[in-house]
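**Q** Could you have a look at this structure, given as structure tokens, before my questions?
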Amino acid sequence: MIHDIVVTQSTKMLTNLLAILGEAEKFAAEKKFDVGILLQARLAPDQFSLMQQIRTACDTAKLGAARLAGRDKDAPVHADTEQTLAEIKARIGSVVDYLKGFSPEAFAGAAERRITQPRWAGKTLSGQEFLVQHVLPNLYFHVTTAYAILRHNGVGIGKKNYLGDMPYRDAA
């Protein structure tokens with residue numbers, strides 16, 4: 001179950017983010033401005049830029065999966081030096097590829113595993129708490145904020161772009 005949530009949802013949201021960035025690229029080309037301007041945009045002066053929102057969404061996804069699986073040390077390291085759309089798209093792609101390497105079995109015992117991070121000053125959460133109260137809210141927050149920055153700047157995206165493809169089936 002944890003695999004279905006952390007890997008499937010993280011992969012879906014990062015893939016949707018790639019598609020949204022494609023729309024941003026088209027928008028910038030149509031309006032004849034450098035898409036890098038959007039990468040530095042933010043909703044408020046004290047909030048992360050679009051670039052940092054994307055970096056943080058990627059880190060949340062990869063480190064969430066790694067910590068839940070007890071594989072903190074094998075998570076890919078990114079230097080946070082991306083400056084271009086191509087570079088940040090490559091980062092998203094590398095995280096999606098990393099997530100696809102997790103099997104459901106990798107999360108055996110994850111719900112009960114005690115998880116901590118350096119900034120928690122020695123405090124822990126159970127894996128279940130970490131997933132539900134930290135990983136998912138943070139992932140959605142940063143992807144939503146990235147979406148909002150682009151929408152605020154005029155990129156023609158909507159809820160369908162954010163949600164992405166749905167596994168609809170014909171009614172029985």
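We label chains A, B, ... in the order they appear in the structure tokens, count residues from 1 in each chain, and number ligands from 1 in the order shown.
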Please list as a list of chain:residue names every residue within 10 Å of A:Ser126, counting only C-alpha atoms and excluding residues in the same chain fewer than 5 positions away.

**A** A:Leu68, A:Ala110, A:Ala111, A:Glu112, A:Arg113, A:Arg114, A:Ile115, A:Thr116, A:Leu131, A:Val132

**Q** Would you kindly return, as a PyMOL selection string, each protein, DNA or RNA residue with an atom no farther than 10 Å from any atom of A:Ala61, considering only C-alpha atoms and excluding same-chain residues fewer than 4 positions away?

**A** chain A and resi 6-7+9-11+13-14+56-57+65-66+92+95-96+98-99+135-136+138-139

**Q** Determine the nearest neighbour of A:Ile2 from the options A:Gln40, A:Gln52, A:Thr81, A:Ser103, counting only C-alpha atoms.

**A**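 Checking each candidate against A:Ile2, we get A:Ser103 as the closest.
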
**Q** Atom CA of A:Gly109 and atom CA of A:Arg55 are how many Å apart?

**A**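 Separation between atom CA of A:Gly109 and atom CA of A:Arg55: 28.3 Å.
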
**Q** Hey, can you check how far atom CA of A:Ser94 sits from atom CA of A:Ala29?

**A**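 Those two atoms sit 25.5 Å apart.
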
**Q** Between atom CA of A:Leu85 and atom CA of A:Leu163, what distance in Å does the model show, to one decimal?

**A**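 Value for the atom CA of A:Leu85-atom CA of A:Leu163 distance: 21.3 Å.
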
**Q** Counting only C-alpha atoms, which residue out of A:Lys100, A:Phe141, A:Val77, A:Tyr168 sits closest to A:Lys12?

**A**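 Once distances to A:Lys12 are computed over only C-alpha atoms, the minimum belongs to A:Lys100.
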
**Q** Measuring between only C-alpha atoms, which one of A:Ala146, A:Met166, A:Ala121, A:Ala28 shows the shortest distance to A:Arg42?

**A** A:Ala146

**Q** Between A:Gly36, A:Gly154, A:Gly101, A:Pro137, single out the one closest to A:Ala86, counting only C-alpha atoms.

**A** A:Gly36
